[in-house]
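For reference, final-v8.txt (compact mmCIF, C-alpha atoms):
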# COMPACT_ATOMS: atom_id res chain seq x y z
CA MET A 1 46.84 54.59 125.34
CA SER A 2 43.59 55.53 123.61
CA THR A 3 43.65 56.78 120.02
CA LEU A 4 42.95 60.49 119.65
CA LYS A 5 40.09 61.39 117.31
CA ALA A 6 38.55 64.57 115.92
CA VAL A 7 36.32 66.32 118.47
CA ARG A 8 32.62 65.48 118.20
CA GLY A 9 30.93 67.87 115.81
CA THR A 10 34.10 68.42 113.77
CA ARG A 11 35.57 66.38 110.92
CA ASP A 12 38.53 66.06 108.61
CA LEU A 13 38.05 66.80 104.92
CA LEU A 14 40.22 64.52 102.82
CA PRO A 15 41.01 64.08 99.13
CA PRO A 16 39.20 63.51 96.84
CA GLU A 17 36.31 65.27 98.67
CA THR A 18 38.35 68.44 99.07
CA ALA A 19 38.52 68.71 95.28
CA LEU A 20 34.74 69.23 95.25
CA TRP A 21 35.01 71.85 98.00
CA ASN A 22 37.68 73.68 96.01
CA ARG A 23 35.52 73.61 92.88
CA ILE A 24 32.55 75.06 94.78
CA GLU A 25 34.70 77.82 96.27
CA ALA A 26 36.35 78.61 92.94
CA THR A 27 32.94 78.87 91.27
CA ALA A 28 31.70 81.15 94.05
CA ARG A 29 34.75 83.41 93.73
CA ASP A 30 34.26 83.60 89.97
CA VAL A 31 30.56 84.50 90.23
CA PHE A 32 31.16 87.06 93.01
CA ALA A 33 33.91 88.73 90.95
CA ARG A 34 31.51 89.17 88.03
CA TYR A 35 29.15 91.03 90.38
CA ASN A 36 32.05 93.22 91.60
CA PHE A 37 32.40 91.71 95.09
CA GLY A 38 35.78 91.72 96.86
CA GLU A 39 36.93 89.28 99.54
CA ILE A 40 37.07 90.19 103.24
CA ARG A 41 38.75 88.04 105.90
CA THR A 42 37.79 88.77 109.50
CA PRO A 43 39.22 87.14 112.68
CA VAL A 44 37.73 83.79 113.71
CA PHE A 45 37.12 85.18 117.21
CA GLU A 46 35.66 88.53 118.28
CA ASP A 47 34.64 90.38 121.41
CA THR A 48 31.56 88.58 122.80
CA GLY A 49 29.69 91.89 122.92
CA LEU A 50 29.69 92.03 119.11
CA PHE A 51 27.35 89.05 118.88
CA ALA A 52 25.30 89.91 121.97
CA ARG A 53 24.52 93.35 120.51
CA GLY A 54 24.34 92.41 116.85
CA VAL A 55 22.81 88.93 116.75
CA GLY A 56 20.63 89.35 119.86
CA GLU A 57 21.00 88.13 123.46
CA GLU A 58 17.77 86.12 123.29
CA THR A 59 18.71 84.21 120.15
CA ASP A 60 19.59 80.52 120.46
CA ILE A 61 23.01 81.33 118.99
CA VAL A 62 23.96 83.77 121.76
CA SER A 63 22.11 82.12 124.64
CA LYS A 64 23.07 78.48 123.97
CA GLU A 65 25.44 77.88 121.06
CA MET A 66 28.49 80.17 121.27
CA TYR A 67 32.01 79.05 122.24
CA THR A 68 33.01 81.79 124.69
CA TRP A 69 35.94 82.13 127.07
CA GLU A 70 37.56 84.76 129.28
CA ASP A 71 40.89 85.99 127.93
CA ARG A 72 42.92 86.39 131.10
CA ALA A 73 44.73 89.69 131.59
CA ARG A 74 48.53 89.53 131.43
CA ALA A 75 49.03 92.49 133.74
CA GLN A 76 47.10 93.84 136.68
CA SER A 77 46.29 97.00 134.75
CA GLU A 78 44.64 95.05 131.92
CA LYS A 79 41.01 94.01 131.90
CA THR A 80 39.88 90.46 131.26
CA GLN A 81 38.04 90.28 127.93
CA SER A 82 35.27 87.89 126.94
CA LEU A 83 35.98 86.40 123.52
CA THR A 84 33.85 84.21 121.24
CA LEU A 85 34.57 82.02 118.25
CA ARG A 86 32.45 83.56 115.51
CA PRO A 87 29.08 81.77 115.16
CA GLU A 88 28.26 83.81 112.03
CA ASN A 89 30.11 86.36 109.92
CA THR A 90 27.75 89.27 109.19
CA ALA A 91 28.34 91.00 112.53
CA GLY A 92 32.12 90.76 112.03
CA VAL A 93 31.88 92.20 108.51
CA VAL A 94 29.82 95.15 109.74
CA ARG A 95 32.25 95.66 112.63
CA ALA A 96 35.09 95.85 110.08
CA TYR A 97 33.03 98.23 107.92
CA ILE A 98 32.70 100.59 110.90
CA GLU A 99 36.23 100.16 112.26
CA HIS A 100 37.94 100.87 108.93
CA GLY A 101 35.62 103.70 107.89
CA LEU A 102 34.59 101.96 104.68
CA GLY A 103 31.48 104.11 104.43
CA GLU A 104 33.56 107.27 104.10
CA SER A 105 34.13 106.53 100.40
CA GLY A 106 30.44 107.14 99.80
CA LEU A 107 30.31 103.93 97.75
CA LEU A 108 28.58 100.61 98.22
CA GLN A 109 30.82 97.98 99.81
CA LYS A 110 30.26 94.56 98.21
CA LEU A 111 32.17 92.01 100.28
CA TYR A 112 32.28 88.23 100.35
CA TYR A 113 33.90 85.71 102.71
CA ILE A 114 34.65 81.99 102.83
CA GLY A 115 35.64 80.44 106.15
CA PRO A 116 34.84 78.49 109.33
CA GLN A 117 32.17 79.36 111.88
CA PHE A 118 31.52 77.69 115.25
CA ARG A 119 28.33 76.77 117.11
CA ARG A 120 27.76 74.40 120.00
CA GLU A 121 24.72 72.59 118.59
CA ARG A 122 23.69 68.97 118.18
CA PRO A 123 25.65 67.50 115.25
CA GLN A 124 23.50 66.00 112.50
CA LYS A 125 23.61 65.43 108.77
CA GLY A 126 25.17 68.50 107.16
CA ARG A 127 25.48 70.32 110.50
CA TYR A 128 28.73 70.46 112.47
CA ARG A 129 30.08 72.45 115.40
CA GLN A 130 32.81 73.77 113.15
CA PHE A 131 31.31 74.46 109.74
CA SER A 132 32.25 76.48 106.71
CA GLN A 133 30.19 79.31 105.24
CA ILE A 134 30.30 81.16 101.95
CA GLY A 135 28.64 84.53 102.36
CA ALA A 136 28.42 88.05 101.03
CA GLU A 137 27.26 91.46 102.22
CA VAL A 138 26.26 94.65 100.40
CA ILE A 139 26.46 97.62 102.77
CA GLY A 140 26.92 101.34 102.49
CA PRO A 141 25.47 104.80 103.17
CA PRO A 142 21.89 105.43 101.97
CA SER A 143 23.24 107.94 99.44
CA ALA A 144 24.95 105.01 97.67
CA GLY A 145 21.64 103.25 97.11
CA SER A 146 22.09 100.67 99.86
CA GLU A 147 18.39 100.78 100.77
CA SER A 148 17.22 100.15 97.21
CA PRO A 149 15.12 97.03 96.58
CA LEU A 150 17.30 96.60 93.49
CA ARG A 151 20.16 95.57 95.79
CA ASP A 152 17.98 92.80 97.26
CA ALA A 153 16.98 91.57 93.82
CA GLU A 154 20.58 91.66 92.54
CA VAL A 155 21.79 89.52 95.47
CA LEU A 156 19.00 87.00 94.91
CA GLU A 157 19.66 86.86 91.16
CA MET A 158 23.37 86.33 91.89
CA LEU A 159 22.55 83.39 94.17
CA ALA A 160 20.32 81.85 91.51
CA THR A 161 23.21 82.18 89.07
CA LEU A 162 25.67 80.59 91.51
CA LEU A 163 23.44 77.56 92.16
CA ASP A 164 22.80 77.13 88.45
CA GLU A 165 26.51 77.29 87.62
CA LEU A 166 27.28 74.73 90.32
CA GLY A 167 24.83 72.39 88.59
CA ILE A 168 22.22 72.44 91.39
CA THR A 169 18.72 72.22 89.96
CA GLY A 170 15.36 72.05 91.69
CA TRP A 171 16.13 74.78 94.22
CA VAL A 172 13.26 76.87 95.61
CA LEU A 173 13.61 80.52 96.63
CA GLU A 174 11.33 81.31 99.59
CA LEU A 175 10.79 85.02 100.17
CA ASN A 176 9.18 87.22 102.80
CA SER A 177 9.37 90.68 104.38
CA VAL A 178 9.66 91.18 108.13
CA GLY A 179 9.17 94.93 107.69
CA SER A 180 10.74 97.78 109.63
CA ALA A 181 11.56 97.81 113.33
CA ALA A 182 8.15 99.38 113.97
CA ASP A 183 6.45 96.70 111.86
CA ARG A 184 8.22 93.97 113.81
CA ALA A 185 7.22 95.51 117.15
CA ARG A 186 3.60 95.67 116.00
CA TYR A 187 3.71 92.09 114.79
CA ASN A 188 5.38 90.85 117.99
CA GLU A 189 2.47 92.25 119.99
CA ALA A 190 -0.06 90.55 117.70
CA LEU A 191 1.82 87.27 118.05
CA ARG A 192 2.09 87.60 121.83
CA GLU A 193 -1.64 87.99 122.16
CA ALA A 194 -2.37 85.12 119.76
CA LEU A 195 0.01 82.81 121.66
CA ILE A 196 -1.49 83.33 125.11
CA PRO A 197 -4.23 80.67 124.80
CA VAL A 198 -2.11 78.08 122.91
CA VAL A 199 1.52 78.42 124.02
CA GLY A 200 1.03 75.92 126.86
CA GLN A 201 0.56 73.21 124.22
CA MET A 202 3.86 74.00 122.53
CA CYS A 203 7.46 72.90 123.12
CA GLY A 204 9.61 74.38 125.89
CA ASP A 205 11.61 76.55 123.47
CA CYS A 206 8.40 78.08 122.08
CA GLN A 207 7.10 78.78 125.57
CA ARG A 208 10.33 80.63 126.36
CA ARG A 209 10.36 82.48 123.03
CA ALA A 210 6.73 83.56 123.50
CA GLU A 211 7.92 85.61 126.46
CA THR A 212 11.27 86.92 125.16
CA ASN A 213 10.68 87.29 121.40
CA PRO A 214 7.46 85.83 119.95
CA LEU A 215 8.74 86.22 116.38
CA ARG A 216 11.09 83.29 116.96
CA VAL A 217 8.20 80.92 117.57
CA LEU A 218 7.86 80.86 113.78
CA ASP A 219 11.38 79.32 113.56
CA CYS A 220 10.27 76.24 115.51
CA LYS A 221 10.95 72.94 113.71
CA VAL A 222 9.00 70.70 116.14
CA ALA A 223 6.40 68.86 114.03
CA ALA A 224 3.74 68.88 116.75
CA ASP A 225 3.86 72.70 116.95
CA GLN A 226 3.32 73.33 113.24
CA PRO A 227 -0.52 73.16 113.24
CA ILE A 228 -0.57 75.83 115.97
CA ILE A 229 1.96 78.00 114.13
CA GLU A 230 -0.20 77.83 110.98
CA THR A 231 -3.06 79.54 112.88
CA LEU A 232 -0.94 82.51 114.03
CA PRO A 233 -1.16 85.97 112.37
CA VAL A 234 1.10 86.60 109.36
CA ILE A 235 3.52 89.52 109.28
CA ALA A 236 2.23 90.75 105.92
CA ASP A 237 -0.80 92.13 107.80
CA SER A 238 1.51 94.30 109.96
CA LEU A 239 3.63 95.91 107.22
CA ASP A 240 3.36 99.65 106.72
CA GLU A 241 3.04 101.19 103.26
CA ALA A 242 6.79 101.76 102.80
CA SER A 243 7.72 98.18 103.69
CA GLY A 244 4.99 96.82 101.42
CA ALA A 245 6.21 98.97 98.52
CA HIS A 246 9.82 97.90 99.08
CA PHE A 247 8.89 94.22 98.96
CA ALA A 248 6.74 94.73 95.86
CA ALA A 249 9.70 96.35 94.10
CA VAL A 250 11.95 93.39 95.00
CA THR A 251 9.51 90.87 93.56
CA ALA A 252 8.92 93.00 90.45
CA ALA A 253 12.68 93.04 89.74
CA LEU A 254 12.90 89.26 90.23
CA ASP A 255 9.95 88.78 87.87
CA ALA A 256 11.70 90.91 85.25
CA ALA A 257 14.92 88.88 85.62
CA GLY A 258 13.06 85.58 85.43
CA VAL A 259 14.10 84.39 88.91
CA PRO A 260 11.32 82.17 90.33
CA TYR A 261 10.29 82.49 93.98
CA THR A 262 7.50 81.60 96.36
CA ARG A 263 6.11 83.75 99.20
CA ASN A 264 6.51 82.15 102.63
CA HIS A 265 4.63 84.19 105.22
CA ARG A 266 6.26 82.22 108.09
CA LEU A 267 9.84 82.95 107.03
CA VAL A 268 11.31 85.39 109.56
CA ARG A 269 14.92 84.14 110.06
CA GLY A 270 16.35 83.76 113.55
CA LEU A 271 18.54 86.82 114.14
CA ASP A 272 17.59 90.18 115.63
CA TYR A 273 19.21 92.31 112.94
CA TYR A 274 16.94 91.32 110.02
CA THR A 275 14.58 93.91 108.51
CA ARG A 276 12.38 93.88 105.42
CA THR A 277 13.49 91.23 102.89
CA THR A 278 14.29 87.77 104.27
CA PHE A 279 14.89 84.70 102.15
CA GLU A 280 15.95 81.06 102.02
CA PHE A 281 16.92 78.78 99.17
CA THR A 282 15.75 75.25 99.91
CA HIS A 283 16.37 71.92 98.20
CA GLY A 284 14.59 68.58 98.50
CA GLY A 285 17.86 66.64 98.51
CA LEU A 286 18.51 67.71 102.14
CA GLY A 287 15.47 66.04 103.71
CA ALA A 288 13.38 67.69 106.43
CA GLN A 289 16.08 70.26 107.27
CA ASN A 290 16.00 71.53 103.70
CA ALA A 291 17.48 75.04 103.99
CA LEU A 292 20.47 75.36 101.68
CA LEU A 293 21.25 79.02 102.37
CA GLY A 294 19.56 82.07 103.79
CA GLY A 295 19.86 85.75 104.46
CA GLY A 296 18.13 89.07 104.42
CA ARG A 297 18.29 92.81 104.87
CA TYR A 298 19.72 94.36 108.08
CA ASP A 299 19.21 98.12 107.81
CA GLY A 300 19.88 98.93 111.48
CA LEU A 301 22.80 96.64 112.32
CA SER A 302 25.53 99.25 111.88
CA GLU A 303 23.78 101.58 114.32
CA MET A 304 23.37 98.69 116.83
CA LEU A 305 27.15 98.30 116.78
CA GLY A 306 27.81 102.01 117.26
CA GLY A 307 28.44 102.87 113.62
CA PRO A 308 26.88 105.24 111.09
CA ARG A 309 23.62 104.53 109.30
CA ALA A 310 24.52 101.89 106.71
CA PRO A 311 21.69 99.73 105.38
CA GLY A 312 22.75 96.34 104.06
CA ILE A 313 21.71 92.94 102.79
CA GLY A 314 23.58 89.65 102.86
CA PHE A 315 23.45 85.88 102.98
CA ALA A 316 25.35 82.82 104.19
CA ILE A 317 25.63 79.42 102.52
CA GLY A 318 26.35 76.39 104.68
CA GLU A 319 29.11 74.84 102.59
CA ASP A 320 28.67 71.38 104.15
CA ARG A 321 25.02 71.34 103.10
CA LEU A 322 25.91 72.71 99.67
CA VAL A 323 28.29 69.78 99.15
CA LEU A 324 25.57 67.31 100.18
CA THR A 325 23.13 68.93 97.76
CA LEU A 326 25.62 68.90 94.92
CA LEU A 327 26.47 65.24 95.50
CA ALA A 328 22.75 64.41 95.49
CA ALA A 329 22.30 66.38 92.27
CA LEU A 330 25.20 64.48 90.70
CA ASP A 331 23.80 61.18 92.06
CA GLN A 332 27.15 60.41 93.68
CA LYS A 333 28.14 59.17 97.11
CA ALA A 334 31.57 60.77 96.93
CA ALA A 335 33.55 63.18 94.83
CA PRO A 336 35.42 61.60 91.91
CA PRO A 337 39.10 60.90 92.65
CA GLN A 338 41.74 63.31 91.44
CA VAL A 339 43.67 61.76 88.55
CA ALA A 340 47.08 63.03 87.49
CA ASP A 341 47.91 63.56 83.83
CA ALA A 342 50.87 61.23 84.13
CA PHE A 343 52.97 59.12 86.48
CA ILE A 344 56.75 59.31 85.96
CA ALA A 345 58.33 55.87 86.60
CA PRO A 346 62.16 55.98 86.99
CA LEU A 347 63.83 52.63 86.28
CA GLY A 348 66.29 52.33 89.15
CA GLU A 349 67.25 54.62 91.99
CA GLY A 350 69.94 56.16 89.82
CA MET A 351 67.18 57.69 87.67
CA ASN A 352 65.40 59.44 90.54
CA ALA A 353 67.06 62.82 90.01
CA ALA A 354 66.40 62.73 86.25
CA ALA A 355 62.79 61.80 86.95
CA LEU A 356 62.43 64.82 89.25
CA VAL A 357 63.83 67.09 86.51
CA LEU A 358 61.33 65.66 83.98
CA ALA A 359 58.45 66.05 86.44
CA ARG A 360 59.48 69.65 87.07
CA GLU A 361 59.49 70.41 83.33
CA LEU A 362 56.00 68.98 82.87
CA ARG A 363 54.56 70.63 85.98
CA HIS A 364 55.87 74.00 84.83
CA GLN A 365 53.85 73.47 81.65
CA GLY A 366 50.65 73.07 83.68
CA LEU A 367 50.38 69.28 83.89
CA TRP A 368 49.42 67.30 87.00
CA ILE A 369 52.26 64.86 87.60
CA GLU A 370 52.75 62.05 90.11
CA LEU A 371 56.39 61.09 90.71
CA GLY A 372 57.35 57.46 91.26
CA GLU A 373 60.41 55.99 93.00
CA GLY A 374 63.31 54.22 91.35
CA SER A 375 63.38 51.45 93.96
CA PHE A 376 59.97 50.24 92.73
CA ARG A 377 59.91 47.27 90.42
CA LEU A 378 58.24 48.09 87.12
CA LYS A 379 55.15 46.08 88.04
CA LYS A 380 54.71 48.11 91.26
CA SER A 381 55.14 51.35 89.32
CA PHE A 382 52.40 50.29 86.89
CA GLU A 383 50.07 49.39 89.79
CA ALA A 384 50.67 52.75 91.50
CA ALA A 385 50.30 54.65 88.23
CA ASP A 386 47.04 52.91 87.34
CA LYS A 387 45.51 54.14 90.63
CA THR A 388 46.68 57.75 90.40
CA ALA A 389 47.17 58.80 86.76
CA ARG A 390 45.83 58.51 83.23
CA GLN A 391 49.21 57.59 81.76
CA ILE A 392 52.62 56.30 82.78
CA VAL A 393 55.93 57.65 81.44
CA ILE A 394 58.84 55.22 81.73
CA LEU A 395 62.26 56.82 82.24
CA GLY A 396 65.34 54.60 82.08
CA GLU A 397 68.94 55.05 80.88
CA ASP A 398 67.93 54.35 77.25
CA GLU A 399 65.08 56.93 77.35
CA LEU A 400 67.34 59.50 79.00
CA GLN A 401 70.08 59.08 76.39
CA SER A 402 67.81 58.94 73.31
CA GLY A 403 65.32 61.59 74.44
CA ILE A 404 62.51 59.23 73.36
CA LEU A 405 60.16 58.30 76.20
CA THR A 406 57.72 55.41 76.49
CA VAL A 407 54.16 56.44 77.38
CA LYS A 408 51.30 54.04 78.09
CA ASN A 409 47.68 55.24 78.20
CA PHE A 410 45.66 53.18 80.70
CA SER A 411 42.25 53.79 79.14
CA THR A 412 43.27 52.66 75.65
CA GLY A 413 46.15 50.33 76.50
CA VAL A 414 48.20 51.94 73.74
CA GLN A 415 51.94 52.34 74.29
CA THR A 416 53.68 55.15 72.36
CA LYS A 417 57.24 56.43 71.86
CA VAL A 418 57.25 60.24 72.31
CA PRO A 419 60.16 62.71 71.88
CA ARG A 420 60.84 64.60 75.11
CA GLY A 421 60.19 67.96 73.47
CA GLU A 422 56.69 66.85 72.45
CA LEU A 423 55.85 65.07 75.72
CA ALA A 424 53.85 67.86 77.42
CA VAL A 425 51.55 68.32 74.42
CA PHE A 426 51.12 64.57 74.03
CA LEU A 427 50.20 64.05 77.70
CA SER A 428 47.77 66.95 77.74
CA ASN A 429 45.92 65.57 74.73
Give the structure from this file in structure tokens form.
Amino acid sequence: MSTLKAVRGTRDLLPPETALWNRIEATARDVFARYNFGEIRTPVFEDTGLFARGVGEETDIVSKEMYTWEDRARAQSEKTQSLTLRPENTAGVVRAYIEHGLGESGLLQKLYYIGPQFRRERPQKGRYRQFSQIGAEVIGPPSAGSESPLRDAEVLEMLATLLDELGITGWVLELNSVGSAADRARYNEALREALIPVVGQMCGDCQRRAETNPLRVLDCKVAADQPIIETLPVIADSLDEASGAHFAAVTAALDAAGVPYTRNHRLVRGLDYYTRTTFEFTHGGLGAQNALLGGGRYDGLSEMLGGPRAPGIGFAIGEDRLVLTLLAALDQKAAPPQVADAFIAPLGEGMNAAALVLARELRHQGLWIELGEGSFRLKKSFEAADKTARQIVILGEDELQSGILTVKNFSTGVQTKVPRGELAVFLSN
């Protein structure tokens, strides 16, 4: 019988690597809380129509990468429903915003999420078919200031703070504006005309995109197509006065806050719902596919999904790629192992229950404790303790009766007699 393995494009996260993931997520939660964001948890699957309408039927995500199935009706009167594992989370968040009437408060909704997404794409370094994203959305009625360029700048400044607090240096913020829906339509026409004489020299995806949505040609990563892409018109030339003023206000606020950025005229992002500000944070530690996170403004998405007018801006961080970047920044190949404060070594099986009581006392005082087994010989207990803890606490009949425990510190080699009442403080120091 063959051995079962994780499905291609998925993976198991094991200790000690999961400790690094937890630290990243805890840091993100802490930063988001300081900016007054609350957590939202949406279902991992949604009606397929949500992504077709919100993300765009001609996007690679919807046309090629979604995991979709027909949910069979249980009764003749029920209709079969097409369901999809979420390939991204913004559409689901906006669906929840509409469904629960969050805009009726008249306030901005500042929401963040951490969870798995699913795309049927070619697995590669930092990219999996099940992957985790950390993201956030700011959405609300225009009367709450949701259209303000200050919201864009605040989100970007928050991301700069998050990366800094994670210890990631050398990031680059690339910024652009894709304008309003009218600006995009105007620019699409300019691109379509410019592509006519050259598109035959480009890859198959670009040839298809030139017909369905020329804007997506700029997303092409094929090296041979880049010289042609560099000759195409830039969207800045198609922005109307309002879009230009909005973008200028975003950059002015970033300048005031001291957040560095660079203008990338080719940055358009790949989803239909983006308007005005688009951005990516990149990092050299990821190689050619150097995007660490990205996002942008989506002022018409709520209306696309049948909701009220609710401009918004958001982002998503690929957590797998964030881990790779952080490991590169720390110059490590793996996360450091978790080490317990102490290993409790009972001397004989008759001491097991007493050892559990001692471990419980210490754990309730906030210490990380590994519990040994009384059937171990003392040498085996020392070997196990040396691999999992900073110190070993020996518990035999004499120690139990006297209340004086023997503690050995592995880094110093010093062995100390410690009264039970002082043990927690001693181990923590």
Spatial neighbours of stretch 277-281 of chain A, max dist 8 Å, all atoms listed in the file, sep filter under 3 positions, as a compact mmCIF listing (two decimals) with C-alpha atoms, keeping the file's coordinate frame:
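Once everything was written out, this is around20.txt:
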# COMPACT_ATOMS: atom_id res chain seq x y z
CA ASP A 152 17.98 92.80 97.26
CA TRP A 171 16.13 74.78 94.22
CA VAL A 172 13.26 76.87 95.61
CA LEU A 173 13.61 80.52 96.63
CA GLU A 174 11.33 81.31 99.59
CA LEU A 175 10.79 85.02 100.17
CA ASN A 176 9.18 87.22 102.80
CA SER A 177 9.37 90.68 104.38
CA VAL A 178 9.66 91.18 108.13
CA GLY A 179 9.17 94.93 107.69
CA PHE A 247 8.89 94.22 98.96
CA LEU A 267 9.84 82.95 107.03
CA VAL A 268 11.31 85.39 109.56
CA ARG A 269 14.92 84.14 110.06
CA TYR A 274 16.94 91.32 110.02
CA ALA A 291 17.48 75.04 103.99
CA LEU A 292 20.47 75.36 101.68
CA LEU A 293 21.25 79.02 102.37
CA GLY A 294 19.56 82.07 103.79
CA GLY A 295 19.86 85.75 104.46
CA GLY A 296 18.13 89.07 104.42
CA ARG A 297 18.29 92.81 104.87
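Minimum distance to A:Pro149 across A:Glu373, A:Ile317, A:Arg276, A:Asp398 (counting only C-alpha atoms) occurs at A:Arg276.
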Between A:Thr416, A:Ser238, A:Thr262, A:Thr388, which residue has the minimum interatomic distance to A:Asp341, considering all atoms listed in the file? A:Thr388
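Interatomic distance, atom CA of A:Gln130 against atom CA of A:Pro16: 20.3 Å.
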Separating atom CA of A:Glu25 from atom CA of A:Met158, to the nearest tenth of an Å, is a gap of 14.8 Å
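Counting all atoms listed in the file and comparing A:Ala136, A:Ile369, A:Ala345, A:Ala242, the residue that lies closest to A:Val407 is A:Ala345.
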